[in-house]
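Novice: Handing over query.txt, compact mmCIF, C-alpha atoms.
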```txt
# COMPACT_ATOMS: atom_id res chain seq x y z
CA MET A 1 64.24 131.86 120.28
CA THR A 2 65.83 128.45 120.67
CA PRO A 3 64.30 126.39 123.50
CA PRO A 4 66.82 125.77 126.30
CA ASN A 5 66.65 121.97 125.82
CA ALA A 6 67.01 122.05 122.03
CA LEU A 7 69.93 120.42 120.27
CA VAL A 8 71.85 123.07 118.33
CA ILE A 9 74.18 121.79 115.60
CA THR A 10 76.88 124.16 114.39
CA ALA A 11 79.50 123.85 111.66
CA VAL A 12 83.00 123.75 113.11
CA THR A 13 85.58 126.18 111.81
CA VAL A 14 88.93 124.45 111.34
CA PRO A 15 91.46 126.94 112.72
CA GLY A 16 94.73 127.78 111.03
CA ASN A 17 96.48 126.93 114.28
CA LEU A 18 95.59 126.34 117.93
CA ASP A 19 97.59 129.12 119.55
CA GLY A 20 94.99 130.71 121.83
CA ARG A 21 92.50 131.21 119.01
CA GLU A 22 88.86 131.62 119.97
CA ASP A 23 87.77 129.90 116.76
CA ALA A 24 89.54 126.74 117.96
CA ARG A 25 87.00 126.20 120.77
CA ASP A 26 84.61 123.99 118.80
CA PHE A 27 87.42 122.07 117.12
CA LEU A 28 89.06 121.32 120.47
CA ALA A 29 85.68 120.26 121.90
CA CYS A 30 85.34 117.71 119.08
CA GLN A 31 88.85 116.43 119.69
CA ALA A 32 88.09 116.00 123.39
CA MET A 33 84.98 113.96 122.54
CA ARG A 34 86.90 111.74 120.12
CA GLU A 35 89.65 111.08 122.65
CA ALA A 36 87.11 110.30 125.38
CA GLN A 37 85.42 107.82 123.02
CA GLU A 38 88.74 106.10 122.29
CA LEU A 39 89.55 105.83 125.99
CA GLU A 40 86.06 104.52 126.79
CA THR A 41 86.27 101.86 124.06
CA TRP A 42 89.95 100.86 124.18
CA GLY A 43 91.52 102.34 127.30
CA ASN A 44 94.19 104.02 125.14
CA LEU A 45 94.64 106.40 122.21
CA ASP A 46 96.55 104.01 119.97
CA ARG A 47 93.95 104.11 117.16
CA GLY A 48 92.89 107.74 117.38
CA TYR A 49 94.25 110.62 115.36
CA THR A 50 96.49 113.01 117.26
CA LEU A 51 95.48 116.66 117.49
CA ALA A 52 97.94 117.58 114.73
CA GLU A 53 96.55 114.83 112.49
CA GLU A 54 92.98 115.95 113.11
CA LEU A 55 93.85 119.56 112.35
CA GLU A 56 95.40 118.57 109.04
CA HIS A 57 92.67 116.06 108.17
CA TRP A 58 89.70 118.38 108.64
CA ARG A 59 91.19 121.05 106.40
CA GLY A 60 90.27 118.74 103.54
CA THR A 61 92.05 118.22 100.23
CA PRO A 62 91.28 118.74 96.53
CA TYR A 63 90.20 115.09 96.59
CA GLU A 64 87.83 115.18 99.56
CA ALA A 65 85.80 117.87 101.35
CA ARG A 66 85.48 117.25 105.09
CA HIS A 67 82.79 118.84 107.24
CA LEU A 68 82.67 118.73 111.03
CA PHE A 69 79.71 119.73 113.22
CA VAL A 70 79.41 120.15 116.99
CA ALA A 71 76.14 119.70 118.88
CA ARG A 72 75.23 121.48 122.11
CA ILE A 73 72.30 121.65 124.46
CA GLY A 74 72.50 124.99 126.19
CA ASN A 75 76.14 125.48 127.11
CA GLU A 76 76.91 121.76 127.26
CA THR A 77 78.63 119.85 124.46
CA ALA A 78 76.40 116.87 123.68
CA GLY A 79 77.91 115.33 120.56
CA MET A 80 79.25 115.76 117.07
CA CYS A 81 78.89 114.49 113.54
CA SER A 82 80.98 114.63 110.39
CA VAL A 83 80.39 114.28 106.66
CA THR A 84 83.12 113.58 104.12
CA LEU A 85 82.51 114.12 100.40
CA PRO A 86 84.87 112.69 97.75
CA LEU A 87 85.50 115.29 95.03
CA ARG A 88 87.28 113.45 92.19
CA GLU A 89 85.82 109.94 92.28
CA ASN A 90 82.92 108.29 94.12
CA LEU A 91 80.79 111.37 93.63
CA ARG A 92 77.64 109.55 94.75
CA THR A 93 79.06 108.67 98.15
CA ALA A 94 79.45 110.36 101.53
CA GLY A 95 81.02 109.19 104.77
CA ILE A 96 79.04 109.92 107.93
CA ASN A 97 80.10 109.59 111.57
CA VAL A 98 78.09 110.35 114.70
CA LEU A 99 79.19 110.57 118.32
CA VAL A 100 77.13 111.34 121.44
CA VAL A 101 78.84 111.91 124.80
CA PRO A 102 77.82 109.41 127.50
CA ALA A 103 75.79 111.86 129.62
CA PHE A 104 73.46 112.59 126.67
CA ARG A 105 72.91 109.08 125.31
CA ARG A 106 69.54 107.32 125.16
CA ARG A 107 67.74 110.59 124.34
CA GLY A 108 67.52 110.26 120.57
CA LEU A 109 70.33 112.73 119.95
CA GLY A 110 72.28 110.23 117.86
CA SER A 111 69.32 109.91 115.49
CA GLN A 112 69.02 113.69 115.27
CA LEU A 113 72.70 114.03 114.42
CA LEU A 114 72.49 111.22 111.86
CA ARG A 115 69.48 112.80 110.14
CA PHE A 116 71.36 116.09 110.02
CA GLY A 117 74.39 114.43 108.42
CA GLU A 118 72.27 112.50 105.93
CA ALA A 119 70.41 115.68 104.91
CA PHE A 120 73.73 117.48 104.42
CA ALA A 121 74.93 114.61 102.21
CA GLN A 122 71.72 114.65 100.18
CA ASP A 123 72.01 118.42 99.72
CA ASN A 124 75.38 117.63 98.12
CA SER A 125 73.78 115.09 95.74
CA ARG A 126 75.05 112.01 97.56
CA THR A 127 72.90 108.89 97.44
CA SER A 128 75.21 106.26 98.99
CA LEU A 129 76.17 106.79 102.62
CA ASP A 130 78.81 104.84 104.54
CA GLY A 131 80.14 104.74 108.07
CA TYR A 132 82.23 102.54 110.33
CA PHE A 133 82.81 101.69 113.97
CA GLU A 134 85.32 99.36 115.61
CA LEU A 135 84.71 97.16 118.65
CA PRO A 136 87.17 95.29 120.89
CA ALA A 137 87.51 91.60 120.04
CA ARG A 138 86.40 90.54 123.52
CA LEU A 139 82.86 91.83 122.85
CA LEU A 140 82.24 89.13 120.26
CA ASP A 141 82.44 86.53 123.01
CA THR A 142 80.23 88.31 125.54
CA THR A 143 77.32 90.05 123.86
CA GLY A 144 75.13 87.37 122.28
CA PRO A 145 74.28 86.61 118.65
CA LEU A 146 76.12 88.18 115.73
CA LEU A 147 74.72 90.18 112.84
CA PRO A 148 76.51 88.64 109.83
CA ALA A 149 78.21 90.83 107.24
CA LYS A 150 76.73 90.72 103.74
CA SER A 151 80.20 89.79 102.45
CA GLY A 152 79.73 86.43 104.16
CA ALA A 153 82.81 86.85 106.35
CA GLY A 154 82.47 87.83 109.99
CA GLY A 155 79.80 89.64 111.96
CA LEU A 156 79.22 92.04 114.83
CA PRO A 157 77.27 91.65 118.09
CA ALA A 158 73.67 92.37 117.14
CA ASN A 159 72.79 93.81 120.53
CA GLU A 160 75.82 96.07 120.89
CA PRO A 161 74.62 99.73 120.87
CA SER A 162 76.51 100.89 117.77
CA THR A 163 75.40 97.83 115.79
CA ALA A 164 71.78 98.20 116.85
CA PHE A 165 71.83 101.93 116.09
CA ALA A 166 73.21 101.51 112.58
CA ALA A 167 70.83 98.67 111.72
CA ALA A 168 67.80 100.55 113.08
CA SER A 169 68.81 103.59 111.03
CA GLY A 170 68.63 101.67 107.75
CA TYR A 171 72.33 100.86 107.31
CA GLU A 172 73.48 97.42 106.17
CA LEU A 173 76.59 95.69 107.44
CA GLU A 174 78.45 95.17 104.18
CA GLN A 175 81.82 94.09 105.55
CA VAL A 176 83.71 93.36 108.75
CA GLU A 177 87.40 94.15 109.07
CA THR A 178 89.62 92.36 111.57
CA SER A 179 92.09 94.52 113.46
CA SER A 180 95.15 92.72 114.76
CA ARG A 181 98.12 93.60 116.94
CA LEU A 182 101.71 92.39 116.62
CA PRO A 183 104.05 92.65 119.64
CA LEU A 184 107.47 94.13 118.92
CA PRO A 185 110.22 93.22 118.53
CA ILE A 186 109.59 90.20 116.32
CA PRO A 187 111.73 87.27 117.49
CA ALA A 188 114.78 87.15 115.25
CA ASP A 189 114.48 83.43 114.57
CA ARG A 190 110.86 83.77 113.45
CA ALA A 191 111.70 86.63 111.08
CA ALA A 192 114.70 84.79 109.65
CA ALA A 193 112.73 81.60 109.02
CA LEU A 194 109.87 83.45 107.32
CA GLU A 195 112.25 85.44 105.13
CA ALA A 196 114.24 82.38 104.07
CA ASP A 197 111.07 80.51 103.16
CA ALA A 198 109.64 83.43 101.16
CA ALA A 199 112.85 84.42 99.36
CA VAL A 200 112.97 81.07 97.53
CA HIS A 201 109.89 82.14 95.56
CA ALA A 202 111.01 85.68 94.71
CA ALA A 203 114.22 85.39 92.72
CA ASP A 204 112.93 87.76 90.02
CA TYR A 205 112.28 90.59 92.50
CA GLU A 206 114.34 93.03 94.54
CA LEU A 207 113.24 94.97 97.61
CA VAL A 208 113.51 98.75 97.87
CA GLY A 209 112.40 101.11 100.59
CA TRP A 210 112.25 104.71 101.71
CA ALA A 211 111.36 106.94 104.65
CA ASP A 212 108.66 109.62 104.32
CA THR A 213 109.28 110.64 100.67
CA CYS A 214 109.21 108.38 97.63
CA PRO A 215 112.32 108.71 95.44
CA GLY A 216 111.60 110.64 92.25
CA HIS A 217 112.44 107.77 89.91
CA LEU A 218 109.82 105.54 91.62
CA VAL A 219 107.00 108.00 92.24
CA GLU A 220 105.04 107.34 89.03
CA ASP A 221 105.06 103.59 89.67
CA TYR A 222 104.12 104.23 93.29
CA ALA A 223 101.15 106.35 92.20
CA LEU A 224 99.94 103.49 89.98
CA LEU A 225 100.13 101.08 92.92
CA ASN A 226 98.12 103.48 95.08
CA ALA A 227 95.46 103.59 92.36
CA ARG A 228 95.37 99.79 92.26
CA MET A 229 95.07 99.68 96.03
CA SER A 230 91.80 101.59 95.80
CA VAL A 231 90.21 98.81 93.71
CA ASP A 232 92.17 95.62 94.47
CA VAL A 233 91.39 95.35 98.18
CA PRO A 234 88.14 93.54 99.06
CA THR A 235 85.27 96.03 99.41
CA ALA A 236 82.34 93.57 99.55
CA GLY A 237 79.18 95.37 98.36
CA LEU A 238 80.36 98.86 99.23
CA ASP A 239 79.54 101.43 96.57
CA TRP A 240 83.14 102.33 95.77
CA GLU A 241 85.04 103.00 92.54
CA GLY A 242 88.76 103.29 91.94
CA GLU A 243 90.75 106.43 92.69
CA ILE A 244 92.97 108.21 90.18
CA TRP A 245 96.50 108.72 91.45
CA ASP A 246 99.47 110.54 89.95
CA ALA A 247 102.78 111.84 91.29
CA ALA A 248 101.16 115.09 92.45
CA ARG A 249 98.65 113.19 94.57
CA VAL A 250 101.43 111.12 96.14
CA ARG A 251 103.38 114.27 97.00
CA ARG A 252 100.33 115.99 98.46
CA ASP A 253 99.69 112.95 100.68
CA GLU A 254 103.31 112.92 101.84
CA GLU A 255 103.22 116.64 102.61
CA ALA A 256 100.01 116.26 104.63
CA LEU A 257 101.59 113.50 106.71
CA ALA A 258 104.62 115.67 107.36
CA ARG A 259 102.46 118.59 108.49
CA SER A 260 100.66 116.16 110.83
CA GLY A 261 103.93 115.07 112.44
CA VAL A 262 103.49 111.53 111.07
CA GLN A 263 106.56 109.55 110.02
CA ALA A 264 106.28 106.86 107.36
CA LEU A 265 108.26 103.88 106.15
CA VAL A 266 107.57 102.18 102.82
CA ALA A 267 108.95 98.86 101.63
CA ALA A 268 108.34 97.85 98.01
CA ALA A 269 109.20 95.11 95.54
CA ARG A 270 110.51 95.76 92.03
CA HIS A 271 110.31 93.22 89.21
CA ARG A 272 113.85 92.78 87.89
CA PRO A 273 112.99 91.91 84.25
CA THR A 274 110.75 94.97 83.75
CA GLY A 275 111.94 97.36 86.46
CA ASP A 276 108.32 97.90 87.51
CA LEU A 277 107.32 98.50 91.13
CA VAL A 278 104.80 95.73 91.82
CA ALA A 279 104.16 95.67 95.58
CA TYR A 280 104.32 98.00 98.57
CA THR A 281 103.51 98.29 102.24
CA VAL A 282 103.35 101.35 104.53
CA LEU A 283 103.90 101.86 108.27
CA ASN A 284 103.14 105.11 110.15
CA TRP A 285 104.38 106.31 113.54
CA ARG A 286 103.44 109.35 115.63
CA PRO A 287 105.73 110.78 118.36
CA GLU A 288 102.64 111.42 120.51
CA VAL A 289 101.85 107.67 120.51
CA PRO A 290 105.41 106.28 120.55
CA ALA A 291 104.60 102.70 121.52
CA THR A 292 102.29 102.00 118.57
CA VAL A 293 102.96 101.71 114.83
CA LEU A 294 100.03 101.74 112.40
CA GLN A 295 100.08 99.43 109.40
CA GLN A 296 98.55 101.18 106.42
CA ASP A 297 98.29 99.91 102.84
CA THR A 298 99.75 96.62 101.67
CA LEU A 299 99.34 95.60 98.04
CA VAL A 300 100.82 93.07 95.64
CA SER A 301 99.77 93.56 92.00
CA GLY A 302 97.59 90.69 90.87
CA GLU A 303 99.90 89.38 88.15
CA HIS A 304 102.79 89.20 90.63
CA ARG A 305 101.05 87.32 93.42
CA GLY A 306 102.22 83.87 94.45
CA HIS A 307 105.85 84.91 95.01
CA ARG A 308 105.58 85.65 98.75
CA LEU A 309 106.13 89.35 98.09
CA GLY A 310 103.60 90.35 100.74
CA MET A 311 105.59 88.53 103.40
CA LEU A 312 108.93 89.87 102.17
CA ILE A 313 107.95 93.53 102.04
CA LYS A 314 106.26 93.32 105.43
CA LEU A 315 109.35 91.75 107.00
CA ARG A 316 111.59 94.41 105.43
CA ASN A 317 109.40 97.25 106.69
CA LEU A 318 109.02 95.82 110.19
CA ALA A 319 112.79 95.53 110.51
CA ALA A 320 113.16 99.14 109.37
CA ALA A 321 110.48 100.22 111.86
CA GLN A 322 112.21 98.55 114.78
CA ALA A 323 115.44 100.35 113.87
CA ARG A 324 113.89 103.78 113.25
CA TRP A 325 111.30 103.75 116.08
CA PRO A 326 112.87 101.78 118.96
CA SER A 327 110.14 102.94 121.39
CA ALA A 328 107.50 101.03 119.41
CA ARG A 329 106.08 98.01 121.21
CA SER A 330 103.38 96.86 118.80
CA VAL A 331 101.88 97.25 115.32
CA LEU A 332 98.14 97.58 114.60
CA THR A 333 96.70 96.49 111.27
CA TRP A 334 93.25 96.13 109.66
CA ASN A 335 92.17 93.62 107.01
CA ALA A 336 88.86 92.64 105.47
CA SER A 337 87.76 89.44 107.15
CA GLU A 338 87.41 87.77 103.74
CA ASN A 339 91.03 88.64 102.86
CA GLN A 340 92.30 85.34 104.14
CA HIS A 341 95.60 85.52 102.25
CA MET A 342 96.73 88.73 103.95
CA LEU A 343 95.37 87.56 107.29
CA SER A 344 97.42 84.35 106.99
CA ILE A 345 100.58 86.43 106.43
CA ASN A 346 99.79 88.48 109.51
CA ILE A 347 99.12 85.39 111.62
CA ALA A 348 102.47 83.90 110.56
CA LEU A 349 104.19 87.15 111.59
CA GLY A 350 102.56 86.94 115.03
CA PHE A 351 99.55 89.28 114.74
CA ARG A 352 96.57 88.38 116.93
CA PRO A 353 92.95 89.70 116.74
CA ALA A 354 92.34 92.91 118.68
CA GLY A 355 89.06 94.20 117.31
CA PHE A 356 86.45 94.10 114.58
CA GLU A 357 85.30 97.05 112.49
CA GLY A 358 81.94 97.22 110.78
CA GLU A 359 81.68 98.87 107.36
CA TRP A 360 78.09 100.07 107.00
CA GLN A 361 76.22 101.39 103.97
CA LYS A 362 72.84 102.99 103.27
CA ARG A 363 71.58 103.71 99.78
CA LEU A 364 69.04 106.50 99.32
CA GLY A 365 66.31 106.62 96.73
```
As structure tokens - that is how I would like this structure written.
Specialist:
Amino acid sequence: MTPPNALVITAVTVPGNLDGREDARDFLACQAMREAQELETWGNLDRGYTLAEELEHWRGTPYEARHLFVARIGNETAGMCSVTLPLRENLRTAGINVLVVPAFRRRGLGSQLLRFGEAFAQDNSRTSLDGYFELPARLLDTTGPLLPAKSGAGGLPANEPSTAFAAASGYELEQVETSSRLPLPIPADRAAALEADAAVHAADYELVGWADTCPGHLVEDYALLNARMSVDVPTAGLDWEGEIWDAARVRRDEEALARSGVQALVAAARHRPTGDLVAYTVLNWRPEVPATVLQQDTLVSGEHRGHRLGMLIKLRNLAAAQARWPSARSVLTWNASENQHMLSINIALGFRPAGFEGEWQKRLG
């Protein structure tokens, strides 16, 4: 018999839908915990997945298995953890996340949940574990000394609970990402000046764009750019190898977004002499969070850098976003703190720091 004060961890069944299904109880409990965490940390749900996104995400894909667990003490929900397992590449790695509700903190439950997740990862032959957590920018000015990232760029408050927990659990802070927010609309004179300055350097390129679905004649090139994105962005010392992308993977990703209710805009640059797609940037918008746009990938192929393509494609996509999603009042983006080139583009556009995200890693054995 389970003692009444014991922590019981149960695998969550991801329901086919949420229409009065009893098997949705645990899934909805996890969603409630995630939303409460977002509100506690940020005071809004701008960064969090919507319920439809979570439902789609936790079903997993042929490229990643995703496991969700709920923890209870008696009849009370005390926390949750998750483990994600790449299935095509990065077969040594696992992503682990742990959350404990406020009423049950400072009892060692987070450590119990983390050990459970780590054991699950090891049972699946994973030896490199990673996790992340984002903090509001204001905390860096109020909570004492920083723990520096191993990348050499940025740090997190050493005494902040999530930082202290990760470090005490054997995780190393490999990288810090800066999250930034851009108010919308962008002043027309600022956008015009930035575009005029950048266009002088990009005579050999033309801009193209699409909403939600990549045109068929561009999808192979777009898949190649997605593959490059997985290796070209700074990853510090994280144990990460490139992903393999093809047209089928692009289409599957687009279909998953559509099922989640997420709308997307892509702006890209094509090299006139070769016809190759050489740069792209993606914005996402959710009707449930109408005031906020999320900046996703931005990439310029290495051999085509130096032509201000990053600025041009971002300007094109932001203009399209303001036209398509007039309720949007800001854009959120994330960049590795050592990625000074992309950060300088964002600063010129008007982005300002909003938070800092730690990328943590623990190697086993």
Novice: Neighbouring residues of A:Gly108 were defined as those with any atom within 12 Å, considering only C-alpha atoms; residues of the same chain fewer than 2 positions away were excluded. Please report them as a list in words.
Specialist: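 Skipping anything fewer than 2 positions along the chain leaves Ala6, Leu7, Ala78, Gly79, Leu99, Val100, Phe104, Arg105, Arg106, Gly110, Ser111, Gln112, Leu113, Leu114, Arg115, Phe165 and Ser169 of chain A.
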Novice: Pick out the residues sitting within 10 Å of A:Asn226, and hand them over as a ChimeraX atom specification; count only C-alpha atoms, and ignore anything fewer than 4 positions along from it in its own chain.
Specialist: /A:220-222,230-232,242-246,249-250,279-280,297-299
Novice: What residues have an atom no more than 12 Å from (110.7, 111.3, 97.8) in the file's own frame, counting all atoms listed in the file, and can you write them as a list in words?
Specialist: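 The requested residues, written out, are Gly209, Trp210, Ala211, Asp212, Thr213, Cys214, Pro215, Gly216, His217, Leu218, Val219, Glu220, Tyr222, Ala247, Ala248, Val250, Arg251, Arg252, Asp253, Glu254, Glu255, Ala264, Leu265 and Val266 of chain A.
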Novice: Record the distance separating atom CA of A:Leu85 and atom CA of A:Asp239, expressed in Å with one decimal.
Specialist: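 Going from atom CA of A:Leu85 over to atom CA of A:Asp239 covers 13.6 Å.
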Novice: Box time for stretch 328-346 of chain A: axis-aligned, enclosing all its listed atoms, 3 Å extra on each side; report centre and edge lengths in Å to one decimal, as JSON.
Specialist:
```
{"center_x": 97.5, "center_y": 92.7, "center_z": 111.7, "size_x": 26.1, "size_y": 22.7, "size_z": 25.0}
```
Novice: Do you know which residues are at most 8 Å from stretch 350-353 of chain A counting all atoms listed in the file, after dropping those on the same chain fewer than 2 positions away, and could you put them as a ChimeraX atom specification?
Specialist: /A:137,178-183,186,346-348,355
Novice: Let me make sure I understand: among A:Glu288, A:Glu195, A:Glu206, A:Glu303, which one has the smallest atom-to-atom distance to A:Ala328 if we use all atoms listed in the file?
Specialist: A:Glu288
Novice: Please, what distance in Å, to one decimal, runs between atom CA of A:Gly358 and atom CA of A:Gly95?
Specialist: 13.4 Å
Novice: List as a list in words the protein and nucleic acid residues near A:Leu140, meaning an atom at most 10 Å away when all atoms listed in the file are counted, but skip any in the same chain fewer than 2 places from it.
Specialist: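 Returned residues: Leu135, Pro136, Ala137, Arg138, Thr142, Thr143, Gly144, Pro145, Leu146, Gly155, Leu156, Pro157, Ala158, Glu160, Gly355 and Phe356 of chain A.
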Novice: When you count all atoms listed in the file, which of these residues is closest to A:Thr10: A:Thr77, A:Gln361, A:Thr61, A:Gln263?
Specialist: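 For A:Thr10, the nearest of the given residues is A:Thr77.
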Novice: Give me the residues near A:Leu312 as a ChimeraX atom specification, where near means some atom within 12 Å (using all atoms listed in the file) and where sequence neighbours in that chain fewer than 6 positions away do not count.
Specialist: /A:191-203,205-209,267-270,279-281,298-300,306,318-319,345-346,349
Novice: How far is it from atom CA of A:Ser151 to atom CA of A:Lys362, in Å with one decimal?
Specialist: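 Here the two named atoms are 15.1 Å from each other.
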Novice: Around (80.8, 120.2, 116.0) in the file's frame, which residues reach within 8 Å when counting all atoms listed in the file? Return as a count of residues only?
Specialist: 16
Novice: Is there a way to complete stretch 170-193 of chain A with N, CA and C atoms and then write that out as a PDB file, keeping the file's coordinate frame?
Specialist:
```pdb
ATOM      1  N   GLY A 170      68.719 102.028 109.161  1.00  0.00           N
ATOM      2  CA  GLY A 170      68.630 101.670 107.750  1.00  0.00           C
ATOM      3  C   GLY A 170      69.940 101.355 107.082  1.00  0.00           C
ATOM      4  N   TYR A 171      71.020 101.196 107.873  1.00  0.00           N
ATOM      5  CA  TYR A 171      72.330 100.860 107.310  1.00  0.00           C
ATOM      6  C   TYR A 171      72.506  99.340 107.301  1.00  0.00           C
ATOM      7  N   GLU A 172      73.190  98.846 106.283  1.00  0.00           N
ATOM      8  CA  GLU A 172      73.480  97.420 106.170  1.00  0.00           C
ATOM      9  C   GLU A 172      74.952  97.164 106.436  1.00  0.00           C
ATOM     10  N   LEU A 173      75.213  96.071 107.135  1.00  0.00           N
ATOM     11  CA  LEU A 173      76.590  95.690 107.440  1.00  0.00           C
ATOM     12  C   LEU A 173      77.176  94.982 106.231  1.00  0.00           C
ATOM     13  N   GLU A 174      77.905  95.735 105.408  1.00  0.00           N
ATOM     14  CA  GLU A 174      78.450  95.170 104.180  1.00  0.00           C
ATOM     15  C   GLU A 174      79.680  94.316 104.443  1.00  0.00           C
ATOM     16  N   GLN A 175      80.522  94.736 105.383  1.00  0.00           N
ATOM     17  CA  GLN A 175      81.820  94.090 105.550  1.00  0.00           C
ATOM     18  C   GLN A 175      82.287  94.242 106.994  1.00  0.00           C
ATOM     19  N   VAL A 176      83.045  93.263 107.455  1.00  0.00           N
ATOM     20  CA  VAL A 176      83.710  93.360 108.750  1.00  0.00           C
ATOM     21  C   VAL A 176      85.213  93.262 108.527  1.00  0.00           C
ATOM     22  N   GLU A 177      85.950  94.197 109.098  1.00  0.00           N
ATOM     23  CA  GLU A 177      87.400  94.150 109.070  1.00  0.00           C
ATOM     24  C   GLU A 177      87.922  93.657 110.413  1.00  0.00           C
ATOM     25  N   THR A 178      88.953  92.844 110.364  1.00  0.00           N
ATOM     26  CA  THR A 178      89.620  92.360 111.570  1.00  0.00           C
ATOM     27  C   THR A 178      90.809  93.267 111.852  1.00  0.00           C
ATOM     28  N   SER A 179      90.863  93.812 113.064  1.00  0.00           N
ATOM     29  CA  SER A 179      92.090  94.520 113.460  1.00  0.00           C
ATOM     30  C   SER A 179      92.926  93.579 114.308  1.00  0.00           C
ATOM     31  N   SER A 180      94.233  93.630 114.095  1.00  0.00           N
ATOM     32  CA  SER A 180      95.150  92.720 114.760  1.00  0.00           C
ATOM     33  C   SER A 180      96.341  93.499 115.297  1.00  0.00           C
ATOM     34  N   ARG A 181      96.958  92.936 116.338  1.00  0.00           N
ATOM     35  CA  ARG A 181      98.120  93.600 116.940  1.00  0.00           C
ATOM     36  C   ARG A 181      99.300  92.631 116.983  1.00  0.00           C
ATOM     37  N   LEU A 182     100.466  93.155 116.611  1.00  0.00           N
ATOM     38  CA  LEU A 182     101.710  92.390 116.620  1.00  0.00           C
ATOM     39  C   LEU A 182     102.645  92.951 117.676  1.00  0.00           C
ATOM     40  N   PRO A 183     103.050  92.162 118.672  1.00  0.00           N
ATOM     41  CA  PRO A 183     104.050  92.650 119.640  1.00  0.00           C
ATOM     42  C   PRO A 183     105.403  92.844 118.971  1.00  0.00           C
ATOM     43  N   LEU A 184     106.105  93.881 119.381  1.00  0.00           N
ATOM     44  CA  LEU A 184     107.470  94.130 118.920  1.00  0.00           C
ATOM     45  C   LEU A 184     108.435  94.042 120.086  1.00  0.00           C
ATOM     46  N   PRO A 185     109.681  93.606 119.833  1.00  0.00           N
ATOM     47  CA  PRO A 185     110.220  93.220 118.530  1.00  0.00           C
ATOM     48  C   PRO A 185     109.792  91.815 118.115  1.00  0.00           C
ATOM     49  N   ILE A 186     109.835  91.546 116.811  1.00  0.00           N
ATOM     50  CA  ILE A 186     109.590  90.200 116.320  1.00  0.00           C
ATOM     51  C   ILE A 186     110.792  89.329 116.669  1.00  0.00           C
ATOM     52  N   PRO A 187     110.587  88.146 117.211  1.00  0.00           N
ATOM     53  CA  PRO A 187     111.730  87.270 117.490  1.00  0.00           C
ATOM     54  C   PRO A 187     112.593  87.064 116.245  1.00  0.00           C
ATOM     55  N   ALA A 188     113.870  87.208 116.392  1.00  0.00           N
ATOM     56  CA  ALA A 188     114.780  87.150 115.250  1.00  0.00           C
ATOM     57  C   ALA A 188     114.696  85.820 114.513  1.00  0.00           C
ATOM     58  N   ASP A 189     114.529  84.729 115.250  1.00  0.00           N
ATOM     59  CA  ASP A 189     114.480  83.430 114.570  1.00  0.00           C
ATOM     60  C   ASP A 189     113.213  83.278 113.746  1.00  0.00           C
ATOM     61  N   ARG A 190     112.105  83.831 114.233  1.00  0.00           N
ATOM     62  CA  ARG A 190     110.860  83.770 113.450  1.00  0.00           C
ATOM     63  C   ARG A 190     111.005  84.578 112.167  1.00  0.00           C
ATOM     64  N   ALA A 191     111.538  85.787 112.259  1.00  0.00           N
ATOM     65  CA  ALA A 191     111.700  86.630 111.080  1.00  0.00           C
ATOM     66  C   ALA A 191     112.642  85.985 110.068  1.00  0.00           C
ATOM     67  N   ALA A 192     113.735  85.405 110.553  1.00  0.00           N
ATOM     68  CA  ALA A 192     114.700  84.790 109.650  1.00  0.00           C
ATOM     69  C   ALA A 192     114.097  83.596 108.919  1.00  0.00           C
ATOM     70  N   ALA A 193     113.337  82.776 109.640  1.00  0.00           N
ATOM     71  CA  ALA A 193     112.730  81.600 109.020  1.00  0.00           C
ATOM     72  C   ALA A 193     111.696  82.000 107.973  1.00  0.00           C
TER      73      ALA A 193
END
```
